[in-house]
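Novice: Encoded as structure tokens, here's the structure I'll be asking about.
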Amino acid sequence: MATSDIYRAPVGTKDVIGEESRAWQSVISRFARRAHAYNYDLAITPTYENIEVFQRLGEDTEVVTKEMYDFVDKGNRHIALRPEGTAGLVRAFAQHRPPLPFKAWYFVSNFRYERPQKGRLREHHQLGIEALGIDDPAIDVEIIQFAYEFLTDCGLKDFTLAINSLGGSTARESHMSALREYFAQHESRLGEEFAARVARNPLRVLDTKVPDWQEVVGDAPSIHDFLSVESKSDFDYVKKSLTELGIAFNVVPSLVRGLDYYTNTAFEFVSHSLDAAQSTICGGGRYNKLAAEMGAPETPGIGFGLGIERLLLACEAEGVDLGERTLDAIVIDLVQSDESRAQVNEMKTTLRSAGISVDTSFGSKSMKSAMKNADRSGAHYAILLGESELSTGIFTLKDMTSGEQRDVTLSDVARKIIK
């Protein structure tokens, strides 16, 4: 490897700095505020786990068979880097057994070895929420409502919600049996790859992106023909409640999600501003058996994951700018004496205590260069401190948008900016 390549981010990863990082900060802070409003606590779990934790995602899924980063460590333990957010959080729940209901949100890095492309990196970042211990379709509605409100809060408009019910284990087994029988009639025409996927898990055919398979998938048996009375009732409640909340949706019987742990409610938010291959910006559903598979009592659970990179691509496609600098004020010290520096420090401390973001134009500068620095900072206001201001305690406050200047006291500065 050339020296020039060593000191670069690895293929499939990227650095997030500068203006782009402000958009990330905006997304994460918006999500954290909404999580607080819905009574979800932050959960932090390890970046890597024993591989068995992630094998619960489904032995025949590509995440496990092809994409997972795994290795044997120096203690001869088989370890895997986290490919998604839910499994590790459910493992933490099974280990610590917190009081129910357990409602948590997370911000994590996920790792999948796949061909890097726009919106699909080998290290990607995910926001998500999970609720365990609530056996009530009302929590399904809450989870979907959270996601809908968050996407709307980010400024997105060009997206739709797809929902489905995958039923319980009995419905799933009956559906898979019917799918195998149906797909077997088309294996000779659609080839070996189709037949192999049917043999591994026919549900993986339903979410295929292969064009030649689409017509066959469209006529496949529907899971809705196998749902229990309880599953149908819960799904009817979800649809009715979403309608009452004014959240539009499409029922998509072929929606199965990419991981095997889902049961009953499943959903996806799809952006129409992105290419079809990467148009899903948020997805989730119920996983009532997953906690029991990790050693806990059988505990109902539901949640969703949302890719930040994919979300920001959708924002960019819709012309939504989340990266606007939010610096309120910059203090320009034109004196650069011990006395003036002490005054600047007092001013910054006072303003920050009032919840105002403030920075300093550091170093000795002329008025011209100092104002250029203020322009580059993106601050809404500049506070000028010269010899006169230092002696009188009356400062010059300049609105960097309109150019208007006024003489103010320090307390007036705070009131003006907060207003």
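To be explicit about the labels: the chains of the structure tokens are called A, B, and onward in the order shown, and within each one the residues are counted from 1, while ligands get numbers from 1 in the order they are shown.
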Hey, what's within 6 Å of stretch 157-165 of chain A if we count only C-alpha atoms and toss same-chain stuff fewer than 2 positions away? As a list in words, please?
Specialist: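 Answer for this query is Gly167, Phe249, Asn250, Val251, Val252, Pro253, Asn264, Thr265, Ala266, Phe267, Glu268, Phe269, Val270, Ser271 and His272 of chain A.
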Novice: Using DSSP secondary structure from the backbone, list all strand (DSSP E or B) positions within stretch 2-97 of chain A, as a ChimeraX atom specification.
Specialist: /A:41-42,48-50,70-72,78-81
Novice: Please provide the set of residues having any atom within 9 Å of A:Leu242, restricted to only C-alpha atoms, with same-chain residues fewer than 5 positions apart removed, written as a PyMOL selection string.
Specialist: chain A and resi 141+144-145+237+247-249
Novice: With N, CA and C atoms kept, could you save the residues just selected as a compact mmCIF listing (two decimals), in the first residue's frame?
Specialist:
# COMPACT_ATOMS: atom_id res chain seq x y z
N VAL A 141 -48.01 1.96 16.75
CA VAL A 141 -48.42 3.26 16.21
C VAL A 141 -47.47 4.35 16.71
N ILE A 144 -44.14 4.26 14.77
CA ILE A 144 -44.28 4.79 13.42
C ILE A 144 -44.50 6.30 13.46
N GLN A 145 -45.30 6.77 14.40
CA GLN A 145 -45.55 8.21 14.53
C GLN A 145 -44.25 8.96 14.84
N TYR A 237 -55.99 -2.22 13.89
CA TYR A 237 -55.85 -1.12 14.85
C TYR A 237 -54.76 -0.15 14.39
N ILE A 247 -51.60 10.20 9.16
CA ILE A 247 -50.37 9.67 8.58
C ILE A 247 -50.75 8.71 7.45
N ALA A 248 -50.52 9.13 6.22
CA ALA A 248 -50.88 8.32 5.06
C ALA A 248 -49.96 7.11 4.95
N PHE A 249 -50.47 6.00 4.43
CA PHE A 249 -49.68 4.78 4.29
C PHE A 249 -50.21 3.94 3.15
Novice: Enumerate as a PyMOL selection string all residues of stretch 310-386 of chain A assigned to helix (DSSP H, G or I) by DSSP on the backbone, naming them with the chain letters and numbers the document uses.
Specialist: chain A and resi 310-317+338-353+367-377
Novice: Output N, CA and C atoms for every residue in the selection just made, as a short mmCIF file (atom, residue, chain, number, x, y, z; two decimals), in the first residue's frame.
Specialist:
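Written out: part00.cif:
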data_model
loop_
_atom_site.label_atom_id
_atom_site.label_comp_id
_atom_site.auth_asym_id
_atom_site.auth_seq_id
_atom_site.Cartn_x
_atom_site.Cartn_y
_atom_site.Cartn_z
N ARG A 310 -28.18 8.15 4.50
CA ARG A 310 -29.29 8.07 3.56
C ARG A 310 -30.28 9.22 3.80
N LEU A 311 -30.54 9.54 5.05
CA LEU A 311 -31.44 10.65 5.38
C LEU A 311 -30.91 11.96 4.81
N LEU A 312 -29.61 12.21 4.96
CA LEU A 312 -29.04 13.47 4.47
C LEU A 312 -29.02 13.52 2.95
N LEU A 313 -28.89 12.37 2.29
CA LEU A 313 -29.00 12.34 0.84
C LEU A 313 -30.41 12.76 0.41
N ALA A 314 -31.42 12.26 1.13
CA ALA A 314 -32.80 12.64 0.82
C ALA A 314 -33.02 14.13 1.06
N CYS A 315 -32.45 14.65 2.14
CA CYS A 315 -32.56 16.09 2.41
C CYS A 315 -31.91 16.89 1.28
N GLU A 316 -30.74 16.46 0.85
CA GLU A 316 -30.05 17.15 -0.24
C GLU A 316 -30.89 17.11 -1.52
N ALA A 317 -31.48 15.94 -1.80
CA ALA A 317 -32.29 15.80 -3.02
C ALA A 317 -33.52 16.70 -2.98
N ASP A 338 -4.33 42.93 28.22
CA ASP A 338 -4.77 42.04 29.29
C ASP A 338 -6.16 42.43 29.76
N GLU A 339 -6.42 43.73 29.84
CA GLU A 339 -7.71 44.20 30.31
C GLU A 339 -8.81 43.82 29.32
N SER A 340 -8.54 44.00 28.03
CA SER A 340 -9.56 43.69 27.02
C SER A 340 -9.82 42.18 26.95
N ARG A 341 -8.77 41.38 27.09
CA ARG A 341 -8.96 39.92 27.07
C ARG A 341 -9.81 39.47 28.26
N ALA A 342 -9.57 40.10 29.42
CA ALA A 342 -10.39 39.77 30.59
C ALA A 342 -11.85 40.16 30.34
N GLN A 343 -12.07 41.29 29.69
CA GLN A 343 -13.43 41.73 29.38
C GLN A 343 -14.10 40.76 28.39
N VAL A 344 -13.33 40.31 27.40
CA VAL A 344 -13.87 39.36 26.42
C VAL A 344 -14.25 38.05 27.11
N ASN A 345 -13.39 37.56 27.99
CA ASN A 345 -13.70 36.31 28.70
C ASN A 345 -14.96 36.44 29.55
N GLU A 346 -15.09 37.60 30.23
CA GLU A 346 -16.29 37.83 31.04
C GLU A 346 -17.53 37.87 30.14
N MET A 347 -17.41 38.53 29.00
CA MET A 347 -18.53 38.66 28.08
C MET A 347 -18.96 37.29 27.55
N LYS A 348 -18.00 36.48 27.13
CA LYS A 348 -18.32 35.15 26.61
C LYS A 348 -18.97 34.28 27.67
N THR A 349 -18.45 34.33 28.88
CA THR A 349 -19.02 33.53 29.96
C THR A 349 -20.46 33.93 30.26
N THR A 350 -20.70 35.25 30.30
CA THR A 350 -22.04 35.75 30.58
C THR A 350 -23.02 35.33 29.49
N LEU A 351 -22.62 35.49 28.24
CA LEU A 351 -23.51 35.17 27.13
C LEU A 351 -23.77 33.67 27.05
N ARG A 352 -22.74 32.86 27.25
CA ARG A 352 -22.92 31.40 27.19
C ARG A 352 -23.82 30.92 28.32
N SER A 353 -23.71 31.57 29.48
CA SER A 353 -24.59 31.20 30.59
C SER A 353 -26.04 31.51 30.28
N MET A 367 -9.37 46.09 11.87
CA MET A 367 -10.82 46.05 11.78
C MET A 367 -11.25 45.30 10.51
N LYS A 368 -10.56 45.54 9.39
CA LYS A 368 -10.93 44.91 8.12
C LYS A 368 -10.79 43.39 8.20
N SER A 369 -9.65 42.92 8.67
CA SER A 369 -9.44 41.47 8.73
C SER A 369 -10.32 40.83 9.79
N ALA A 370 -10.59 41.56 10.89
CA ALA A 370 -11.45 41.03 11.93
C ALA A 370 -12.87 40.84 11.41
N MET A 371 -13.37 41.77 10.60
CA MET A 371 -14.72 41.65 10.06
C MET A 371 -14.81 40.55 9.00
N LYS A 372 -13.72 40.33 8.27
CA LYS A 372 -13.69 39.19 7.34
C LYS A 372 -13.81 37.88 8.11
N ASN A 373 -13.12 37.83 9.24
CA ASN A 373 -13.19 36.64 10.08
C ASN A 373 -14.61 36.46 10.63
N ALA A 374 -15.25 37.56 10.98
CA ALA A 374 -16.63 37.49 11.47
C ALA A 374 -17.57 36.98 10.39
N ASP A 375 -17.35 37.44 9.15
CA ASP A 375 -18.18 36.96 8.04
C ASP A 375 -18.02 35.46 7.84
N ARG A 376 -16.77 35.00 7.88
CA ARG A 376 -16.50 33.57 7.67
C ARG A 376 -17.11 32.71 8.78
N SER A 377 -17.23 33.27 9.98
CA SER A 377 -17.74 32.50 11.11
C SER A 377 -19.22 32.17 10.97
#
Novice: So how far away is atom CA of A:Gln336 from atom CA of A:Glu404, in Å?
Specialist: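 Between these atoms lies a distance of 24.8 Å.
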Novice: Could you check which of A:Ala138, A:Phe395, A:Lys118, A:Arg33 is closest to A:Ser279, using only C-alpha atoms?
Specialist: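 The shortest atom-to-atom distance to A:Ser279 comes from A:Lys118.
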Novice: Write out as a PyMOL selection string which residues come within 9 Å of A:Ala94 when counting only C-alpha atoms, dropping same-chain ones fewer than 2 positions away.
Specialist: chain A and resi 89-92+96-98+291-292+294-297
Novice: With C-alpha atoms kept, could you save the residues just selected as a PDB file, in the first residue's frame?
Specialist:
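Here's the written file again-v8.pdb:
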ATOM      1  CA  LEU A  89     -29.635  -3.506  22.364  1.00  0.00           C
ATOM      2  CA  VAL A  90     -31.837  -6.577  22.831  1.00  0.00           C
ATOM      3  CA  ARG A  91     -28.777  -8.486  24.057  1.00  0.00           C
ATOM      4  CA  ALA A  92     -28.215  -5.710  26.625  1.00  0.00           C
ATOM      5  CA  HIS A  96     -29.475  -6.613  32.481  1.00  0.00           C
ATOM      6  CA  ARG A  97     -33.255  -7.167  32.655  1.00  0.00           C
ATOM      7  CA  PRO A  98     -34.258  -3.504  33.216  1.00  0.00           C
ATOM      8  CA  ALA A 291     -35.323 -11.381  23.426  1.00  0.00           C
ATOM      9  CA  ALA A 292     -36.136 -15.028  24.217  1.00  0.00           C
ATOM     10  CA  MET A 294     -30.945 -14.245  23.746  1.00  0.00           C
ATOM     11  CA  GLY A 295     -31.860 -15.795  27.086  1.00  0.00           C
ATOM     12  CA  ALA A 296     -34.548 -13.455  28.384  1.00  0.00           C
ATOM     13  CA  PRO A 297     -38.177 -14.420  28.987  1.00  0.00           C
TER      14      PRO A 297
END
Novice: From the set A:Tyr69, A:Tyr287, A:Tyr106, A:Phe183, which residue has the shortest atom-to-atom contact distance to A:Glu215, counting only C-alpha atoms?
Specialist: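 Between A:Tyr69, A:Tyr287, A:Tyr106, A:Phe183, the residue approaching A:Glu215 most closely is A:Phe183.
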Novice: Looking at only C-alpha atoms, which of A:Val413, A:Leu397, A:Leu334, A:Leu121 is the one that sits closest to A:Pro10?
Specialist: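 Result for the nearest residue to A:Pro10: A:Leu121.
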Novice: Please identify all polymer residues within 12 Å of A:Arg122, counting only C-alpha atoms, omitting same-chain residues fewer than 5 positions from it, and present them as a count of residues only.
Specialist: 24
Novice: Here is a test: counting only C-alpha atoms, which residue of A:Phe146, A:Leu57, A:Val408, A:Thr152 is nearest to A:Val320?
Specialist: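 Nearest to A:Val320: A:Thr152.
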Novice: Of the candidates A:Pro137, A:Glu181, A:Thr208, A:Ala382, which one gets nearest to A:Asp236 if we count only C-alpha atoms?
Specialist: A:Pro137
Novice: Which of these, A:Gly403, A:Gly323, A:Pro300, A:Gly133, has the shortest distance to A:Ser21 once you count only C-alpha atoms?
Specialist: A:Gly323
Novice: Rounded to one decimal, what separation in Å do you get between atom CA of A:Leu290 and atom CA of A:Leu100?
Specialist: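 Separation of atom CA of A:Leu290 and atom CA of A:Leu100: 15.9 Å.
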Novice: So that I can see what lies close to A:Asp70, please list as a PyMOL selection string the residues with an atom at most 8 Å from it, counting only C-alpha atoms and leaving out residues fewer than 5 positions away in the same chain.
Specialist: chain A and resi 51+78-81
Novice: Selected residues, C-alpha atoms, written as a PDB file, in the first residue's frame, please.
Specialist:
ATOM      1  CA  ILE A  51     -20.944 -13.385  16.738  1.00  0.00           C
ATOM      2  CA  HIS A  78     -15.400 -15.248  17.603  1.00  0.00           C
ATOM      3  CA  ILE A  79     -16.325 -11.565  17.440  1.00  0.00           C
ATOM      4  CA  ALA A  80     -18.351  -9.514  14.941  1.00  0.00           C
ATOM      5  CA  LEU A  81     -18.656  -5.774  14.386  1.00  0.00           C
TER       6      LEU A  81
END
